[in-house]
Structures are given as structure tokens and as C-alpha cells.
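**Student:** Have a look at this one.
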Amino acid sequence: MHVIDRYREEDAVATCEGVRLRPDGSREPVRRAVLAEHAMEVTVNTVPTLRMVCTPDHLVDLVVGRLYTEGIISGADDIAELYLCGQGTRASVVLDCRRADFSRRGVETVPSCCTGNRVYNQYFTSDGRPDAVTPIPWEADWVFAAARAFAEDAPLHRTTTGTHSCYLVLGGTVVTCREDLGRHNAFDKVVGAALREGIDLRDALIFSSGRLPVDMVMKAIRAGVPILATKAVPTDETIRLAREFDLTLICQARPDSALVYNDPWGRRAS
């Protein structure tokens, strides 16, 4: 993958003025750090394909991770070239592995996250069913290591209290953390960073700070991640999908406890 990155990352934090209002009617001026919001358009083989609203950092990781978890690429090597403009508002991706299928009309979709992310078309995606995840043996300490890292707080969240965090864990060691205003983006940034660093996601645990609806779990399944954990909660459909695709699913993970909703390795070992 050849990357042409013209972007020099902007500060992901802005300082804004406000007024603190108290129940007794008193007011006082305040200055607070808030997240910067950034929009980026992504073309694939010259076709406008995605719009992502995100924090203005780790944008190449975000593009690579999003293409992977959407099933558009099967690995970083599928990308011949990725160009990111100087303002970070336009990413252009050239794929050697896939051509646009303009018969896949579909409709513009908005992922279930609280950002303006949009998918303009399905020209580069596939209707193929993803493979089941290959379970790996794991230890509770891996989950609690990620939960402790989250409890200690990530830099942007510590400053603004406005981000989702995502951690990549290998053998109990947190090796990468990414933050974003959207939990989907944070997940994709971690996946993109792993792909660019040559990390085998089939050995990884990913820990998210956010809820796990179906689309988040499908991202993990498409990425081949065997263990998905969160400090938040799943849905019934999330649990069903995890069991169908052999994904180890651990929720409400905190430094002192966690709930295991699916453990295919444990089932096989018993």
C-alpha cells in the first residue's frame, strides 16, 4: 500500500466559552475544551463512496479500517494507493482488487452512530456471507487489562469527556489505543492501525467503550477479530450473531468484573 499523506493533523480539541448556570440563578463564565468535529469524503477508484464525520486525527488509519470492516478490502495490500489531501477533507483510494459494480444500486445509508457518517453506494461491497471467526484461547487478565486502561482514561477523553475509546490487546498487553467522537470510527481507527503495522487481528482482543449493536459486531466478524469486549452492553441480536459466528463476546467489563455472553473456546473445551 502506497500512502501519500499531505495532511498535518489538526488539534482534535478546541476551547470554547460558555456560562455555568446554577439552581440559585447565578451565572459564571467558563472556558471548556471540546472535541473538534471534522468531515472527510472518500472516493474509491474515483467513485464517491463514503463520508466520515470524525475527530481530525489518524485519518489514514480510519480510511483503511473502514474499508476493511465494510468488506471492501481483504487486507491493506488490496490498496494500491491512498491519497489524503492537505486539509484532510478528501481521501482518494485506488484498489487493484475490485472494480465498481454499478448494478448494485442500493440506497444511501447512515450507520447507527451519532455522527454524520454515510455510505453512498454498495458498488464495492459483496453480498457474500462473512466467514465465522476462529476462536482462540484467552485469559480473563486480557479483558481486565483493557478495562483498567479504560478506567485510567485516554488522553482526548480525559480532556473533553467527549470521545469513545478503542483498545487493541495482544496477549494481555494494550498495544494501540484510538479515540473518536464515534464508537464506529474509534473501532475502525484501531483496525486500520493494526493492518498498517502488520498485526494479525486473528490474535487480537478489541475493547470498545461503546454499546455493541449489530453493525459493531459485524465489523469485528469481518475483521476476523476473535474477541470483542466492551465496558457497555450488547443487544439480543448482538449476542445471537456472536454465537452464530463464534465470536467471543464480553460486556460490562470493568476492572473488577465482566459478563461473558459467548465463549466458543470454553464451550469446545468443556
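Residues in the C-alpha cells are numbered from 1 in each chain, the chains being A, B, ... in the order shown, and ligands are numbered from 1 in the order shown.
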Quick one: everything within 12 Å of region 196-200 of chain A, counting only C-alpha atoms, minus sequence neighbours fewer than 5 positions away in the same chain. Send it as a list in words.

**Tutor:**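 In the requested format, the answer is Met1, His2, Val3, His58, Val60, Asp61, Leu62, Val63, Val64, Gly65, Tyr68, Gly75, Ala76, Asp77, Asp78, Ile79, Leu168, Val169, Leu170, Val175, Thr176, Lys189, Val190, Val191, Leu205, Ala223, Gly224, Val225 and Pro226 of chain A.
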
**Student:** Could you pull out the strand (DSSP E) residues of region 16-56 of chain A, going by DSSP on the backbone, and write them as a ChimeraX atom specification?

**Tutor:** /A:16-21,27-35,38-44,47-54

**Student:** Using DSSP secondary structure from the backbone, list all helix (DSSP H, G or I) positions within region 210-266 of chain A, as a list in words.

**Tutor:**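 Matching residues, listed in order: Val214, Asp215, Met216, Val217, Met218, Lys219, Ala220, Ile221, Arg222, Ala223, Asp236, Glu237, Thr238, Ile239, Arg240, Leu241, Ala242, Arg243, Glu244, Pro264, Trp265 and Gly266 of chain A.
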
**Student:** For Cys251 (chain A), please output as a PyMOL selection string all residues within 7 Å (counting only C-alpha atoms; exclusion window: fewer than 2 positions along the same chain).

**Tutor:** chain A and resi 229-234+249+253+258-260

**Student:** So, with only C-alpha atoms as the atoms that count, which of A:Arg183, A:Arg202, A:Arg31, A:Arg99 lies closest to Val47 (chain A)?

**Tutor:** A:Arg99

**Student:** To one decimal place, how far is CA of Asn45 (chain A) from CA of Leu181 (chain A) in Å?

**Tutor:**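 Between CA of Asn45 (chain A) and CA of Leu181 (chain A) the gap works out to 27.7 Å.
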
**Student:** Using only C-alpha atoms, which residues sit within 7 Å of region 81-85 of chain A once same-chain residues fewer than 6 positions away are excluded, as a list in words?

**Tutor:** Met1, His2, Val3, Ile4, Asp5, Arg6, Tyr7, Ala91, Ser92, Val93 and Val94 of chain A

**Student:** Those same residues - C-alpha atoms - I'd like them written as a PDB file, in the first residue's frame.

**Tutor:**
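File produced: result15.pdb:
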```pdb
ATOM      1  CA  MET A   1       0.000   0.000   0.000  1.00  0.00           C
ATOM      2  CA  HIS A   2       1.421   3.346  -1.070  1.00  0.00           C
ATOM      3  CA  VAL A   3       0.260   6.202   1.171  1.00  0.00           C
ATOM      4  CA  ILE A   4       0.506   9.850   0.127  1.00  0.00           C
ATOM      5  CA  ASP A   5      -0.430  11.743   3.293  1.00  0.00           C
ATOM      6  CA  ARG A   6      -0.423  15.521   2.777  1.00  0.00           C
ATOM      7  CA  TYR A   7      -2.384  16.137   5.944  1.00  0.00           C
ATOM      8  CA  ALA A  91      -9.215  10.779   0.695  1.00  0.00           C
ATOM      9  CA  SER A  92      -8.767   9.023  -2.627  1.00  0.00           C
ATOM     10  CA  VAL A  93      -8.276   5.251  -2.665  1.00  0.00           C
ATOM     11  CA  VAL A  94      -7.143   3.165  -5.636  1.00  0.00           C
TER      12      VAL A  94
END
```

**Student:** Determine, counting only C-alpha atoms, which protein, DNA and RNA residues have an atom within 9 Å of an atom of Phe245 (chain A); residues of the same chain fewer than 6 positions away are not included. Present the result as a compact mmCIF listing (two decimals) with C-alpha atoms, in the first residue's frame.

**Tutor:**
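Just written: out.txt:
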```txt
# COMPACT_ATOMS: atom_id res chain seq x y z
CA PRO A 130 -18.51 -13.47 6.14
CA ASP A 131 -16.58 -16.42 7.49
CA ALA A 132 -17.01 -17.45 11.08
CA VAL A 133 -14.34 -16.20 13.45
CA THR A 134 -11.66 -18.67 14.53
CA ILE A 221 -16.56 -10.53 12.41
```

**Student:** Using only C-alpha atoms, which protein or nucleic acid residues come within 12 Å of region 14-25 of chain A? Drop anything in the same chain fewer than 3 positions from it, and give the result as a list in words.

**Tutor:** Glu10, Asp11, Glu28, Pro29, Val30, Arg31, Arg32, Ala33, Val34, Leu35, Ala36, Glu37, His38, Thr55, Pro56, Leu156, Thr159, Thr160 and Gly162 of chain A

**Student:** Write to file, as a short mmCIF file (atom, residue, chain, number, x, y, z; two decimals), in the first residue's frame, the residues of the selection just made, with all heavy atoms.

**Tutor:**
```cif
data_model
loop_
_atom_site.label_atom_id
_atom_site.label_comp_id
_atom_site.auth_asym_id
_atom_site.auth_seq_id
_atom_site.Cartn_x
_atom_site.Cartn_y
_atom_site.Cartn_z
N GLU A 10 -4.68 18.32 12.57
CA GLU A 10 -5.13 19.46 13.35
C GLU A 10 -5.33 19.03 14.80
O GLU A 10 -5.41 17.84 15.11
CB GLU A 10 -6.45 19.98 12.78
CG GLU A 10 -6.36 20.47 11.34
CD GLU A 10 -7.72 20.87 10.79
OE1 GLU A 10 -8.69 20.85 11.56
OE2 GLU A 10 -7.78 21.21 9.60
N ASP A 11 -5.42 20.03 15.67
CA ASP A 11 -5.70 19.74 17.07
C ASP A 11 -7.12 19.18 17.16
O ASP A 11 -8.06 19.74 16.60
CB ASP A 11 -5.58 21.02 17.90
CG ASP A 11 -5.51 20.75 19.40
OD1 ASP A 11 -5.93 19.65 19.82
OD2 ASP A 11 -5.04 21.62 20.13
N GLU A 28 -21.73 32.12 35.87
CA GLU A 28 -20.31 32.47 35.82
C GLU A 28 -19.74 32.04 34.48
O GLU A 28 -20.09 30.98 33.95
CB GLU A 28 -19.54 31.81 36.96
CG GLU A 28 -19.59 30.29 36.95
CD GLU A 28 -18.75 29.69 38.06
OE1 GLU A 28 -17.61 30.17 38.27
OE2 GLU A 28 -19.24 28.75 38.71
N PRO A 29 -18.87 32.84 33.90
CA PRO A 29 -18.26 32.47 32.61
C PRO A 29 -17.27 31.32 32.79
O PRO A 29 -16.58 31.23 33.81
CB PRO A 29 -17.56 33.76 32.17
CG PRO A 29 -17.29 34.50 33.44
CD PRO A 29 -18.42 34.17 34.37
N VAL A 30 -17.22 30.43 31.79
CA VAL A 30 -16.29 29.31 31.82
C VAL A 30 -15.69 29.13 30.44
O VAL A 30 -16.24 29.56 29.43
CB VAL A 30 -16.98 27.99 32.27
CG1 VAL A 30 -17.48 28.08 33.69
CG2 VAL A 30 -18.12 27.63 31.32
N ARG A 31 -14.54 28.48 30.41
CA ARG A 31 -13.91 28.06 29.16
C ARG A 31 -13.70 26.56 29.26
O ARG A 31 -13.18 26.06 30.26
CB ARG A 31 -12.57 28.77 28.95
CG ARG A 31 -12.74 30.25 28.63
CD ARG A 31 -11.39 30.95 28.58
NE ARG A 31 -10.50 30.41 27.58
CZ ARG A 31 -10.51 30.74 26.29
NH1 ARG A 31 -11.41 31.63 25.86
NH2 ARG A 31 -9.67 30.20 25.44
N ARG A 32 -14.13 25.84 28.24
CA ARG A 32 -14.07 24.40 28.27
C ARG A 32 -13.46 23.84 26.99
O ARG A 32 -13.64 24.39 25.89
CB ARG A 32 -15.47 23.79 28.47
CG ARG A 32 -16.04 23.97 29.85
CD ARG A 32 -15.27 23.12 30.86
NE ARG A 32 -15.80 23.23 32.20
CZ ARG A 32 -15.35 24.10 33.11
NH1 ARG A 32 -14.38 24.94 32.80
NH2 ARG A 32 -15.87 24.14 34.31
N ALA A 33 -12.77 22.72 27.15
CA ALA A 33 -12.22 22.00 26.00
C ALA A 33 -13.31 21.11 25.41
O ALA A 33 -13.97 20.36 26.14
CB ALA A 33 -11.02 21.16 26.42
N VAL A 34 -13.51 21.21 24.11
CA VAL A 34 -14.49 20.36 23.42
C VAL A 34 -13.82 19.72 22.22
O VAL A 34 -12.78 20.18 21.73
CB VAL A 34 -15.73 21.17 22.95
CG1 VAL A 34 -16.45 21.80 24.13
CG2 VAL A 34 -15.31 22.25 21.94
N LEU A 35 -14.42 18.64 21.75
CA LEU A 35 -13.87 17.94 20.59
C LEU A 35 -14.04 18.76 19.31
O LEU A 35 -15.07 19.40 19.10
CB LEU A 35 -14.56 16.60 20.39
CG LEU A 35 -14.12 15.43 21.25
CD1 LEU A 35 -14.98 14.22 20.96
CD2 LEU A 35 -12.65 15.10 21.01
N ALA A 36 -13.03 18.71 18.46
CA ALA A 36 -13.15 19.27 17.12
C ALA A 36 -13.84 18.23 16.24
O ALA A 36 -13.55 17.04 16.32
CB ALA A 36 -11.78 19.61 16.56
N GLU A 37 -14.77 18.69 15.41
CA GLU A 37 -15.51 17.80 14.51
C GLU A 37 -15.04 18.04 13.08
O GLU A 37 -14.94 19.18 12.63
CB GLU A 37 -17.01 18.05 14.63
CG GLU A 37 -17.86 17.06 13.89
CD GLU A 37 -19.34 17.19 14.26
OE1 GLU A 37 -19.66 17.37 15.45
OE2 GLU A 37 -20.17 17.10 13.33
N HIS A 38 -14.78 16.95 12.38
CA HIS A 38 -14.15 17.01 11.07
C HIS A 38 -14.91 16.11 10.10
O HIS A 38 -15.39 15.04 10.49
CB HIS A 38 -12.69 16.52 11.22
CG HIS A 38 -11.90 16.54 9.96
ND1 HIS A 38 -11.28 17.68 9.47
CD2 HIS A 38 -11.59 15.55 9.07
CE1 HIS A 38 -10.63 17.39 8.36
NE2 HIS A 38 -10.81 16.12 8.08
N THR A 55 -13.10 12.86 14.56
CA THR A 55 -12.10 13.79 15.06
C THR A 55 -10.95 13.83 14.06
O THR A 55 -10.67 12.84 13.38
CB THR A 55 -11.59 13.33 16.45
OG1 THR A 55 -11.19 11.96 16.38
CG2 THR A 55 -12.66 13.49 17.50
N PRO A 56 -10.25 14.98 13.95
CA PRO A 56 -9.28 15.16 12.86
C PRO A 56 -7.91 14.58 13.16
O PRO A 56 -6.89 15.26 13.10
CB PRO A 56 -9.22 16.69 12.74
CG PRO A 56 -9.49 17.19 14.12
CD PRO A 56 -10.48 16.24 14.71
N LEU A 156 -7.72 12.12 24.96
CA LEU A 156 -8.77 13.03 24.49
C LEU A 156 -9.99 13.00 25.40
O LEU A 156 -10.61 14.03 25.66
CB LEU A 156 -9.19 12.66 23.06
CG LEU A 156 -8.39 13.26 21.91
CD1 LEU A 156 -8.95 12.78 20.58
CD2 LEU A 156 -8.38 14.77 21.98
N THR A 159 -9.47 15.01 28.51
CA THR A 159 -9.53 16.45 28.29
C THR A 159 -10.95 16.94 28.04
O THR A 159 -11.34 18.01 28.52
CB THR A 159 -8.64 16.83 27.08
OG1 THR A 159 -7.30 16.42 27.36
CG2 THR A 159 -8.65 18.33 26.83
N THR A 160 -11.74 16.16 27.27
CA THR A 160 -13.04 16.64 26.81
C THR A 160 -14.23 15.87 27.36
O THR A 160 -15.37 16.36 27.27
CB THR A 160 -13.12 16.55 25.27
OG1 THR A 160 -13.09 15.17 24.88
CG2 THR A 160 -11.96 17.29 24.62
N GLY A 162 -15.58 13.62 25.88
CA GLY A 162 -16.49 13.52 24.74
C GLY A 162 -16.17 12.44 23.73
O GLY A 162 -16.80 12.42 22.66
#
```

**Student:** From the list A:Glu244, A:Glu70, A:Asp256, A:Asp236, which residue is nearest Val143 (chain A) when using only C-alpha atoms?

**Tutor:**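 Going through A:Glu244, A:Glu70, A:Asp256, A:Asp236 one by one, the smallest distance to Val143 (chain A) is for A:Asp256.
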
**Student:** With distances taken over only C-alpha atoms, which of A:Ser257, A:Ser126, A:Ser209, A:Ser74 is nearest to Cys166 (chain A)?

**Tutor:**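 Closest candidate: A:Ser209.
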
**Student:** For CA of Ser165 (chain A) and CA of Phe207 (chain A), determine how far apart the two atoms are, in Å to one decimal place.

**Tutor:**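 CA of Phe207 (chain A) lies 8.3 Å from CA of Ser165 (chain A).
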
**Student:** Measuring atom to atom with only C-alpha atoms, identify which of A:Gly192, A:Gly86, A:Pro255, A:Pro213 is nearest to Trp142 (chain A).

**Tutor:**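 Closest candidate: A:Pro255.
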
**Student:** Out of A:Val214, A:Ile206, A:Met52, A:Ile72, which residue has the shortest atom-to-atom distance to Thr235 (chain A) when counting only C-alpha atoms?

**Tutor:** A:Val214

**Student:** What's around region 261-264 of chain A at 7 Å? Count only C-alpha atoms, leave out sequence neighbours fewer than 4 positions away in its own chain, and write the answer as a ChimeraX atom specification.

**Tutor:** /A:135,239,242-243,246,248-250,268

**Student:** Could those residues be written to a file, using N, CA and C atoms, as a JSON list (two decimals), in the first residue's frame?

**Tutor:**
```json
[["chain", "number", "residue", "atom", "x", "y", "z"],
["A", 135, "PRO", "N", -12.03, -19.04, 16.94],
["A", 135, "PRO", "CA", -11.82, -18.73, 18.36],
["A", 135, "PRO", "C", -10.39, -19.04, 18.79],
["A", 239, "ILE", "N", -25.80, -10.70, 20.62],
["A", 239, "ILE", "CA", -25.43, -11.98, 21.24],
["A", 239, "ILE", "C", -25.71, -13.14, 20.28],
["A", 242, "ALA", "N", -22.97, -13.15, 17.65],
["A", 242, "ALA", "CA", -21.70, -13.62, 18.23],
["A", 242, "ALA", "C", -21.70, -15.15, 18.31],
["A", 243, "ARG", "N", -22.81, -15.72, 18.73],
["A", 243, "ARG", "CA", -22.89, -17.18, 18.84],
["A", 243, "ARG", "C", -22.90, -17.85, 17.47],
["A", 246, "ASP", "N", -19.18, -17.54, 16.11],
["A", 246, "ASP", "CA", -18.10, -17.99, 17.00],
["A", 246, "ASP", "C", -17.25, -16.85, 17.54],
["A", 248, "THR", "N", -16.11, -14.49, 20.49],
["A", 248, "THR", "CA", -16.12, -14.38, 21.95],
["A", 248, "THR", "C", -16.59, -12.97, 22.30],
["A", 249, "LEU", "N", -17.64, -12.88, 23.10],
["A", 249, "LEU", "CA", -18.28, -11.60, 23.39],
["A", 249, "LEU", "C", -18.32, -11.37, 24.90],
["A", 250, "ILE", "N", -17.69, -10.28, 25.35],
["A", 250, "ILE", "CA", -17.58, -9.97, 26.77],
["A", 250, "ILE", "C", -18.04, -8.53, 26.97],
["A", 268, "ARG", "N", -16.08, -25.45, 23.62],
["A", 268, "ARG", "CA", -15.42, -26.57, 22.98],
["A", 268, "ARG", "C", -14.53, -27.33, 23.97]]
```
